[in-house]
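**Q** This is the structure, below, for whatever I ask next.
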Number of protein chains: 4
Amino acid sequence: MKKIKIAYIGGGSKQWARVFMNDLALAKGLDGEIGLYDIDREAAVRNQKIGERINEHPDTVSKWNYVVYDSAEEVLKDADFVVMSILPGTFEEMRSDVHAPEEYGIFQSVGDTAGPGGVLRAMRTVPVYQEYAKKIQKICPNAWVINFTNPMSICVKALYDTFPDIKAFGCCHEVFHTQDFLCCVLAEELGIEKPNRKEIYTDVSGINHFTWITKAQYGDVDIIKLLPSFMEKHYDEGFYEHGDKNRYKTDTFAYANRVKMNMYQTFGALGAAGDRHLVEFMNNRWYLADKETVDNWKFALTTVDFRIKQMKERIAESIALAEGTKAVEVKKSDEEAVELMKALLGFETRVSNVNMPNRGQMKDMPFGTIVETNAVFSNDNVSPVTGASLPTAVKNLVLRGLYNIEDCYEGIKERDFGKIFTSFINQPLCANLSKERAYELFSEMVVNTRMYLDGYYDVDGELARVKKQIL
Amino acid sequence: MKKIKIAYIGGGSKQWARVFMNDLALAKGLDGEIGLYDIDREAAVRNQKIGERINEHPDTVSKWNYVVYDSAEEVLKDADFVVMSILPGTFEEMRSDVHAPEEYGIFQSVGDTAGPGGVLRAMRTVPVYQEYAKKIQKICPNAWVINFTNPMSICVKALYDTFPDIKAFGCCHEVFHTQDFLCCVLAEELGIEKPNRKEIYTDVSGINHFTWITKAQYGDVDIIKLLPSFMEKHYDEGFYEHGDKNRYKTDTFAYANRVKMNMYQTFGALGAAGDRHLVEFMNNRWYLADKETVDNWKFALTTVDFRIKQMKERIAESIALAEGTKAVEVKKSDEEAVELMKALLGFETRVSNVNMPNRGQMKDMPFGTIVETNAVFSNDNVSPVTGASLPTAVKNLVLRGLYNIEDCYEGIKERDFGKIFTSFINQPLCANLSKERAYELFSEMVVNTRMYLDGYYDVDGELARVKKQIL
Amino acid sequence: MKKIKIAYIGGGSKQWARVFMNDLALAKGLDGEIGLYDIDREAAVRNQKIGERINEHPDTVSKWNYVVYDSAEEVLKDADFVVMSILPGTFEEMRSDVHAPEEYGIFQSVGDTAGPGGVLRAMRTVPVYQEYAKKIQKICPNAWVINFTNPMSICVKALYDTFPDIKAFGCCHEVFHTQDFLCCVLAEELGIEKPNRKEIYTDVSGINHFTWITKAQYGDVDIIKLLPSFMEKHYDEGFYEHGDKNRYKTDTFAYANRVKMNMYQTFGALGAAGDRHLVEFMNNRWYLADKETVDNWKFALTTVDFRIKQMKERIAESIALAEGTKAVEVKKSDEEAVELMKALLGFETRVSNVNMPNRGQMKDMPFGTIVETNAVFSNDNVSPVTGASLPTAVKNLVLRGLYNIEDCYEGIKERDFGKIFTSFINQPLCANLSKERAYELFSEMVVNTRMYLDGYYDVDGELARVKKQIL
Amino acid sequence: MKKIKIAYIGGGSKQWARVFMNDLALAKGLDGEIGLYDIDREAAVRNQKIGERINEHPDTVSKWNYVVYDSAEEVLKDADFVVMSILPGTFEEMRSDVHAPEEYGIFQSVGDTAGPGGVLRAMRTVPVYQEYAKKIQKICPNAWVINFTNPMSICVKALYDTFPDIKAFGCCHEVFHTQDFLCCVLAEELGIEKPNRKEIYTDVSGINHFTWITKAQYGDVDIIKLLPSFMEKHYDEGFYEHGDKNRYKTDTFAYANRVKMNMYQTFGALGAAGDRHLVEFMNNRWYLADKETVDNWKFALTTVDFRIKQMKERIAESIALAEGTKAVEVKKSDEEAVELMKALLGFETRVSNVNMPNRGQMKDMPFGTIVETNAVFSNDNVSPVTGASLPTAVKNLVLRGLYNIEDCYEGIKERDFGKIFTSFINQPLCANLSKERAYELFSEMVVNTRMYLDGYYDVDGELARVKKQIL
């Protein structure tokens, strides 16, 4: 039995924490402490209680000691793993990220990575990450840091740039969904039962939420070669790997893969993220021009009102679970974080996709930038796996996204709104804005969310400086 | 006296040929034959006659033997230099290149490099270049090939990709104008007489018509540092290095450098091409949104009607010069082609900007792509000079342009409209088009110009294939 | 049950074939045909008979159809896997490879990779590999080619250079032995039972027989950090992972790891091959100066006389096994080839070390050269894993070996003895030779083995040319 | 008239300073102050007096103000140029560098760059350079630093590594001699008068004292192609560009280019340094095996006794010049330092070879290491020119030298004798040493020269540590 301490930064999480506690409850051979820290202490305490109820569940294999901490410093002390899943700002900030651009003709399906929303969210999040990186360097430099916070790439960049010897990686399940999609293709085209996604091999490369599959094999079957025939049947109506093709009408997270199929037809490579993410890396006229276009491509724009409603339900559910008015369930999720932790502890060797600094895994991209490829997880080690080269047109799009992140990161690090603005206006989603309108939108969004920026930036000074400079 | 043979492909040129003959007439120590070949034989004969009149001029130092050839093969035979300056298609094709996109909200100031016009022009020109490269390989593999044809980068790419050992480079005078601009800055800020552009040193890197100056020195004066003060005075009204700041109103080739100054303010690097070119590498909402915007930025859209009118005047002038009703003048131009030829013949060592395959001169760009930097011209040799790294945001824009060219070239080489279309729709100027509209425009432009495409592409088949695939 | 065809080139192999047949007999879920082809047909027939006896063994899980073929073309037809394990030339050629240099003060412990022996062996082997690559391209382009022939790197180079789309990799078990060594370190230093080598993670990078371990983890134990204490105890007397530290006295393949430990002390990185191989990449005065030095470092020089004797025994044993006078055994070996094949067939995902073209896995080494690192084996795919950077001094030594291989390969490909000679004289083992003596040795060795060279090279002409040129 | 201040570190130089003062006296348009600083103040005062006599010479164009300073800080104050030419240690240290290895069978012709002498000299010099770099950063960060001190590459490395924004380059005239050699080839083969070396173009790349010419053009004449015929005539007897082919017998700095020609025959590329330097980058058995071999290759080993004698003569001459008992001469040398300074001041653009950090000029070598290629000197700017790729075998040798320098530099920077020793034993000239003998030699040389090391290294501790570690 390995005894470890996991420090959970953002440990009041309403959804992901529960999935994680669940999977840890089933992690044979592993136990110890799960330290919860959240600026919303109450939420952390709720998760502690839910954790204790999970401990009591008959299916639970590993019982954990749930501890709520009052400071980041305390929770990091002696940590073997640090899990980071935070969201600086409230729904009001998120409302600005997602909806303020709509007045400017920019619709965002997610608004957390690329596009104007992604830039603003990065502005709030990266300074916090810089501080965490310094704390980790000081308190638990040997801990493995697993990042779930978006925008993924720039958060991981901040960790490595601030503390170069950090042992960190970013996890994202978007690739998994695309693997599920490919399994559906397999099942239909070969007339077999749908295999588990772990039975296929995919070669992935790109950047988070804009990752690409250049190879997909099931035994000696090249799944990519099955796509044309599959698309012939499903392109018009769409196809959803997790349910009905029209579910996007009622489920804001669903999509019919019409975008993914269209991009495959166009570029000859398959995007390995949900359609809602892929579209945000393309010029806004392609798939996000207006609500009708979005509907036609069969995906949905997730509103912040919906997120607020969802959060209320989740809190209610958390309370019910914590107080025992609702029974906890203990069953393995499709997430891999716990498996990766076990691999790092030497239980097994595992290959999964990961966001890490480029050290050769994508030889056509600049070294040191954060890319997403497969990696081998083994005893206290993560080694990225080299990916095949992307088609030229795709390489171009990925590089654009990647350098936007680099540029945005430089700007945030130097607290220079001028640089941040160049990354803002070069977002594909901002392609229809004049400089003037782009500045207007940028400054509006900055002001909306300044409560979380003033501590780090000279907001008024920088806005004025950029205005003078650029207009 | 060195005796050489220069093969002039496109030797019926109405303007550039004359400049070139002029400069050759003053090339001390050099004479021989100027072979003229043009599909418009009559025009070549006119230039021959003008050449002969230049020979008679008292200021002429070197008298050349002007010969008109009936085939490319003949003119290439025994050539020491091959000058290429061609324009496949007529003004009707150019009208489509430049003006067809206007219906789609896309205005082009030049339309010969980036943007939809650049792609179509490449489609007509590159197959011809592939054929020329093969002929040069066979007939005069040791000749130096000097390219003036646009789109510059993709033409040079075609030469090297088809005949890897070719000794070719592309010449463009846009950087010269920016050097002139910097000399004006110097003069005004230091209160000195305007120096000659050759007295300053500029470090340039980028791609043709989207080259950047990262360093500009006059003695130990860093000219870049003088820009803010200069801009303070001239930003609002503009400044034109060759004359009045409002000349753009009457001279379609003039511009007031407001774009250049604005881009410098935004990115911290100075574009080294005329504003009319720079704008075509930016999203179409920035500087080319509509005619009012263009006017506000103080440059002009060159119409094809104007070019037709200009051409008529030039032909008339050519006839007058050829027939002797107008006197020829012999005076040195600001162009450098003849100096570069003399350097290659061992008369001197010279540094000038040049378009060539990247062999390290821009270490952040993929090797083998065509980039524009300085190069040292010396005895039978051109060695590119390493350029400083560009700011991240600029690197991003340059890479986008560069990979668009790579992608377009691959598509043309493979005669694959699908790939060409991905480079078309990824043009910054096409950023406001939906895929459907982009296809509509692309197919319309292809059909308009198909007379010059049918010999190389399966136009109907490919259009149908792409339509099915992408929509 | 997957039915596959394995083409075994060199299928008369006396030892390795038997190991392989054994492991295949235990490969659950896999059967089909093992095609044997060897220029020594008799030996192949013997292996066929042994195979049939293995089929009869009660422990056998998978029964294979053993077929002897009369030509490479026939055995390759319909092959899913091609196993290559050949030895062009006889023991007389090998005697020259290994022992001819002794007269020149050059002792070789193996003589099959680096050093003069490696160069000559490459000269005989690479032309044969060029021919096989062409046959594979024509007959079974989709087959996976597993190479076991030495010199490993240059054979894999020849395969990829001749047929760039080949699916080939080279397997070598030297890294396994070093992993065993590290398990011994673990056991002793932690006072635990020796783990299986697959329980530790090693990060390897380098070139075949000169691979390096830069990271070795057992859970969160950094095994590298245990080395100093382990060495303190064992450096003087040595330590052998497979038995007694003095076994090298009686077993020519044994060694006491004194070289490996000494190199670790010197360079700060652990060589991941047997001492007998490592020493051949170092100047000949270090570990191979003379027999006394060799003995002092506690390894042995394998003589060709011994190999002849061993071969006779192996043939006798083969006959006995084939005729049934000796009973076959069926038990799993430590080799991984069959596991890798199963991984490629989709049975599992597996990480193992492999020789393949560099596509980013060693970013400090030139792309396209053959390097050895980990790779992920999965459904019909092998993706190299990025390795950590090597210490500067080690990088220097590895690059020297790697460019010697490139240079030698170019020379063989161009049938140019001049280039081959530059790779010969730059071998570390040749460091004590004057150019004259090096040429003398080279030409002597070439003549000794010319029966296997005359078909490919103009031996006399090239020797004379190089002599004139270099002396 | 430009007024500048030149700070001369090592301003007591007996030879180079005089050449430099001479060239400055003829530098039209330039004057100001030459600040002399030397730990041998007396020598600096002598140069000051010589300078004043030069000022009085009728041919002198520019009169300089010669000032002797008592500290580095003072001489650096307000400097526009810093010239560095120092020699830490006395002839006794140099005697050890050059001659101590002879007991070990290692003969060095120069002993200042590669080989054991180069390593020890680097150990004395680099710490001093680290201090100078810091002073320059503090006192005159915008000054151009011209380095003449050997070992060249590692000194320039120390400057850039310590102060990354330094404007420094290293100058060496060895390439000039090879250019002279090529002019002799031209003259003889074409039957023309020997041109000036500046009339030919050479493409150079490599590292200092081991630079290579891959292209040499005189007009459209490829000089390289003339070499075989020239060598046919001169290979056996040798040829010296500055005089009689047998001058090496009486002039220790002369050589007959037999090595250079032999290396060209072997590698297909022409070394661009004197034979005395080239041989030190090759295994010691090639050209330096013993005195007879050296004599056979027609170059000389420069003894320290000779250097002492020469120095005495030079001092006597200096005194005579300073006191006026010998008349000063004022005539232009073949050195280029003053021309380069004038180019940097904007007088002209100039291309010359230079040692600088690799930023793409040698794309096959690691970026950031110090390489020697051409560069363009212009207004306050030096931009390296890209060089052609070297043949594989040469690339291998250059990389070995380059990584030895990197390794040695790391060791010196970290004051780690272990790393320094790995660079010592990997010197080609040390290839015949066992590790034990190499350590013996290394420690002997360290002890010989410890007076100049003790201030920087824990000499006894490190020697003991390495001994224990490595043996």
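Residues in the structure tokens are named by chain (A, B, ... in the order shown) and by number from 1 within that chain; ligands are numbered from 1 in the order shown.
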Taking 5 positions as the minimum chain separation for residues in the same chain, which residues sit within 9 Å of Val382 in chain C when counting only C-alpha atoms? Answer as a compact mmCIF listing (two decimals) with all heavy atoms, in the first residue's frame.

**A**
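This went into result34.txt:
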# COMPACT_ATOMS: atom_id res chain seq x y z
N LYS C 167 8.53 0.17 -42.93
CA LYS C 167 8.15 0.12 -41.52
C LYS C 167 9.17 -0.78 -40.83
O LYS C 167 8.92 -1.97 -40.66
CB LYS C 167 6.73 -0.42 -41.39
CG LYS C 167 5.66 0.56 -41.87
CD LYS C 167 4.40 -0.09 -42.38
CE LYS C 167 3.65 -0.85 -41.33
NZ LYS C 167 2.38 -1.42 -41.87
N PHE C 169 12.42 -1.34 -37.82
CA PHE C 169 13.13 -0.91 -36.60
C PHE C 169 14.15 -1.97 -36.24
O PHE C 169 14.04 -3.12 -36.66
CB PHE C 169 12.15 -0.66 -35.44
CG PHE C 169 11.29 -1.83 -35.07
CD1 PHE C 169 11.70 -2.74 -34.11
CD2 PHE C 169 10.06 -2.03 -35.70
CE1 PHE C 169 10.91 -3.82 -33.76
CE2 PHE C 169 9.26 -3.11 -35.36
CZ PHE C 169 9.67 -4.01 -34.40
N LEU C 344 2.36 -4.65 -32.00
CA LEU C 344 2.07 -4.11 -33.33
C LEU C 344 0.77 -4.70 -33.89
O LEU C 344 0.12 -4.11 -34.75
CB LEU C 344 3.23 -4.40 -34.29
CG LEU C 344 4.50 -3.60 -33.99
CD1 LEU C 344 5.66 -4.11 -34.82
CD2 LEU C 344 4.26 -2.13 -34.27
N ALA C 375 10.60 3.63 -27.53
CA ALA C 375 9.52 3.90 -28.47
C ALA C 375 8.27 3.22 -27.92
O ALA C 375 8.35 2.26 -27.15
CB ALA C 375 9.84 3.35 -29.85
N VAL C 376 7.12 3.76 -28.33
CA VAL C 376 5.85 3.13 -27.98
C VAL C 376 5.43 2.23 -29.13
O VAL C 376 5.32 2.68 -30.28
CB VAL C 376 4.76 4.20 -27.75
CG1 VAL C 376 3.42 3.53 -27.49
CG2 VAL C 376 5.14 5.10 -26.59
N PHE C 377 5.21 0.96 -28.82
CA PHE C 377 4.72 -0.01 -29.80
C PHE C 377 3.24 -0.21 -29.56
O PHE C 377 2.83 -0.54 -28.46
CB PHE C 377 5.43 -1.35 -29.65
CG PHE C 377 6.86 -1.32 -30.06
CD1 PHE C 377 7.82 -0.73 -29.25
CD2 PHE C 377 7.27 -1.87 -31.28
CE1 PHE C 377 9.15 -0.67 -29.64
CE2 PHE C 377 8.59 -1.83 -31.67
CZ PHE C 377 9.54 -1.22 -30.86

**Q** Specify as a list in words all residues of chain C found within 6 Å of chain A, counting only C-alpha atoms.

**A** Tyr201, Gln217, Tyr218, Gly219, Asp220, Leu345, Gly346, Gly360, Gln361, Lys363, Asn379, Asp380, Pro384, Val385 and Thr386 of chain C

**Q** Any idea what's packed within 9 Å of His242 in chain A, counting only C-alpha atoms, ignoring anything in its chain fewer than 5 positions away? Could you give it as a list in words?

**A**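 Selected residues are His177, Asp180, Phe181 and Ala254 of chain A.
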
**Q** Please save all heavy atoms of the selected residues as a PDB file, in the first residue's frame.

**A**
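In the end it all went to part-v8.pdb:
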ATOM      1  N   HIS A 177     -12.636  11.749 -26.318  1.00  0.00           N
ATOM      2  CA  HIS A 177     -13.913  11.758 -27.020  1.00  0.00           C
ATOM      3  C   HIS A 177     -13.718  11.446 -28.505  1.00  0.00           C
ATOM      4  O   HIS A 177     -14.521  10.751 -29.113  1.00  0.00           O
ATOM      5  CB  HIS A 177     -14.592  13.130 -26.869  1.00  0.00           C
ATOM      6  CG  HIS A 177     -14.832  13.504 -25.433  1.00  0.00           C
ATOM      7  ND1 HIS A 177     -15.177  12.581 -24.478  1.00  0.00           N
ATOM      8  CD2 HIS A 177     -14.773  14.702 -24.790  1.00  0.00           C
ATOM      9  CE1 HIS A 177     -15.322  13.188 -23.301  1.00  0.00           C
ATOM     10  NE2 HIS A 177     -15.078  14.474 -23.461  1.00  0.00           N
ATOM     11  N   ASP A 180     -13.303   7.914 -28.892  1.00  0.00           N
ATOM     12  CA  ASP A 180     -14.623   7.266 -28.865  1.00  0.00           C
ATOM     13  C   ASP A 180     -15.299   7.368 -30.233  1.00  0.00           C
ATOM     14  O   ASP A 180     -15.896   6.403 -30.714  1.00  0.00           O
ATOM     15  CB  ASP A 180     -15.514   7.934 -27.796  1.00  0.00           C
ATOM     16  CG  ASP A 180     -15.287   7.336 -26.425  1.00  0.00           C
ATOM     17  OD1 ASP A 180     -14.960   6.135 -26.346  1.00  0.00           O
ATOM     18  OD2 ASP A 180     -15.418   8.077 -25.429  1.00  0.00           O
ATOM     19  N   PHE A 181     -15.197   8.546 -30.809  1.00  0.00           N
ATOM     20  CA  PHE A 181     -15.772   8.745 -32.141  1.00  0.00           C
ATOM     21  C   PHE A 181     -15.178   7.739 -33.127  1.00  0.00           C
ATOM     22  O   PHE A 181     -15.894   7.092 -33.899  1.00  0.00           O
ATOM     23  CB  PHE A 181     -15.503  10.191 -32.588  1.00  0.00           C
ATOM     24  CG  PHE A 181     -15.851  10.480 -34.015  1.00  0.00           C
ATOM     25  CD1 PHE A 181     -17.173  10.632 -34.421  1.00  0.00           C
ATOM     26  CD2 PHE A 181     -14.857  10.610 -34.974  1.00  0.00           C
ATOM     27  CE1 PHE A 181     -17.495  10.910 -35.746  1.00  0.00           C
ATOM     28  CE2 PHE A 181     -15.160  10.887 -36.301  1.00  0.00           C
ATOM     29  CZ  PHE A 181     -16.482  11.031 -36.691  1.00  0.00           C
ATOM     30  N   ALA A 254     -23.033  18.764 -26.149  1.00  0.00           N
ATOM     31  CA  ALA A 254     -23.050  17.788 -27.242  1.00  0.00           C
ATOM     32  C   ALA A 254     -22.777  18.473 -28.579  1.00  0.00           C
ATOM     33  O   ALA A 254     -22.861  19.701 -28.696  1.00  0.00           O
ATOM     34  CB  ALA A 254     -24.390  17.077 -27.276  1.00  0.00           C
TER      35      ALA A 254
END

**Q** Please identify all polymer residues within 10 Å of Gly29 in chain D, counting only C-alpha atoms, omitting same-chain residues fewer than 4 positions from it, and present them as a PyMOL selection string.

**A** chain D and resi 1-3+61-62+342+347

**Q** Would you mind reading off the distance between CA of Asp295 in chain A and CA of Arg437 in chain A, one decimal, in Å?

**A**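 We find that CA of Asp295 in chain A and CA of Arg437 in chain A lie 26.4 Å from each other.
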
**Q** When DSSP is applied to the backbone of this structure, which of range 203-264 of chain D are assigned strand (DSSP E)? Write them out as a ChimeraX atom specification.

**A** /D:203-207,210-218,221-222

**Q** Using DSSP assignments from the backbone, pull out every residue in range 58-183 of chain D that falls under helix (DSSP H, G or I) and give it to me as a PyMOL selection string.

**A** chain D and resi 72-76+91-104+115-139+152-162+174-183

**Q** Range 7-23 of chain A: which residues within 6 Å, counting only C-alpha atoms, same-chain residues fewer than 4 positions away excluded, as a ChimeraX atom specification?

**A** /A:35-38,43-44,75-76,79,82-86,330,332

**Q** C:His209, C:Lys395, C:Lys134, C:Lys309: which is nearest Gly111 in chain C, counting only C-alpha atoms?

**A**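 Among the listed residues, the smallest separation from Gly111 in chain C belongs to C:His209.
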
**Q** Tell me, as number ranges by chain, which residues lie within 10 Å of Ile106 in chain C, counting only C-alpha atoms; anything in the same chain fewer than 5 positions away does not count.

**A** C: 98-101, 115-116, 284-285, 288-290, 429-433
